Amino acid sequence: MKILKKAFKVWYPKHRGPIEPDMTTLLMGEARVLLTTWEVLKDRETITRRLKKLDKLYGEGAEQRVRDYMHQVAKDERHA
């Protein structure tokens with residue numbers, strides 16, 4: 001049996017590109033969650049409250065981007 005000189009450590013490449021693709025993925029996920037919540041509960045207060053928190057969480061303008069993504073998901077993915 002061979003003894004390793006150093007302990008094995010998993011290596012992950014560092015992300016060096018722009019952060020925008022990650023942000024787009026996060027906001028699309030939020031849009032899908034909120035759209036599903038809306039379809040099940042039909043509770044406007046819950047959706048509005050969650051959308052208000054998105055600006056604090058993801059930065060200025062996130063609320064409107066998520067609303068746009070919700071319309072896009074509803075049009076393209078849900079009732080196609």
# chains A, B, ... in the order shown; residues from 1 in each chain; ligands from 1
>>> residues_around(residues="Leu27 (chain A)", least_positions_apart="5", cutoff="12 Å", atoms="only C-alpha atoms", output="list in words")
Glu20, Pro21, Asp22, Arg32, Val33, Leu34, Leu51, Leu54, Asp55, Leu57, Tyr58, Gly59, Gly61, Ala62, Glu63, Gln64, Arg65, Val66, Arg67, Asp68, Tyr69, Met70 and Val73 of chain A
>>> atom_distance(atom1="CA of Arg49 (chain A)", atom2="CA of Glu30 (chain A)")
13.2 Å
>>> select_by_dssp(residues="chain A", states="helix (DSSP H, G or I)", output="PyMOL selection string")
chain A and resi 20-41+44-58+62-78
>>> write_last_selection(atoms="C-alpha atoms", output="short mmCIF file (atom, residue, chain, number, x, y, z; two decimals), in the first residue's frame")
data_model
loop_
_atom_site.label_atom_id
_atom_site.label_comp_id
_atom_site.auth_asym_id
_atom_site.auth_seq_id
_atom_site.Cartn_x
_atom_site.Cartn_y
_atom_site.Cartn_z
CA GLU A 20 -24.15 37.96 -14.52
CA PRO A 21 -24.84 34.38 -15.68
CA ASP A 22 -24.99 33.29 -12.04
CA MET A 23 -27.34 36.15 -11.19
CA THR A 24 -29.57 35.32 -14.14
CA THR A 25 -29.80 31.70 -12.99
CA LEU A 26 -30.64 32.76 -9.44
CA LEU A 27 -33.32 35.20 -10.53
CA MET A 28 -34.86 32.69 -12.96
CA GLY A 29 -35.04 30.22 -10.09
CA GLU A 30 -36.73 32.80 -7.88
CA ALA A 31 -39.20 33.52 -10.70
CA ARG A 32 -40.08 29.84 -11.07
CA VAL A 33 -40.58 29.45 -7.31
CA LEU A 34 -42.77 32.54 -7.09
CA LEU A 35 -44.79 31.57 -10.16
CA THR A 36 -45.45 28.11 -8.73
CA THR A 37 -46.42 29.68 -5.40
CA TRP A 38 -48.81 32.00 -7.21
CA GLU A 39 -50.37 29.15 -9.20
CA VAL A 40 -50.97 27.12 -6.03
CA LEU A 41 -51.93 29.76 -3.45
CA ARG A 44 -50.96 38.35 -3.80
CA GLU A 45 -49.62 39.48 -0.40
CA THR A 46 -47.14 36.63 -0.14
CA ILE A 47 -45.81 37.19 -3.65
CA THR A 48 -45.54 40.96 -3.19
CA ARG A 49 -43.78 40.57 0.15
CA ARG A 50 -41.24 38.17 -1.35
CA LEU A 51 -40.66 40.40 -4.37
CA LYS A 52 -39.95 43.38 -2.09
CA LYS A 53 -37.19 41.38 -0.36
CA LEU A 54 -35.46 40.60 -3.65
CA ASP A 55 -34.04 44.13 -4.06
CA LYS A 56 -32.27 43.81 -0.71
CA LEU A 57 -31.09 40.31 -1.50
CA TYR A 58 -29.93 40.66 -5.11
CA ALA A 62 -34.04 42.58 -9.07
CA GLU A 63 -37.75 42.79 -8.37
CA GLN A 64 -38.57 43.97 -11.89
CA ARG A 65 -36.22 41.43 -13.48
CA VAL A 66 -37.91 38.61 -11.54
CA ARG A 67 -41.35 39.89 -12.60
CA ASP A 68 -40.15 39.85 -16.22
CA TYR A 69 -38.76 36.34 -15.79
CA MET A 70 -42.07 35.22 -14.26
CA HIS A 71 -43.93 36.44 -17.36
CA GLN A 72 -41.35 34.75 -19.60
CA VAL A 73 -41.57 31.42 -17.73
CA ALA A 74 -45.38 31.53 -17.72
CA LYS A 75 -45.49 32.22 -21.44
CA ASP A 76 -42.72 29.88 -22.65
CA GLU A 77 -42.54 27.00 -20.18
CA ARG A 78 -45.89 26.56 -18.48
#
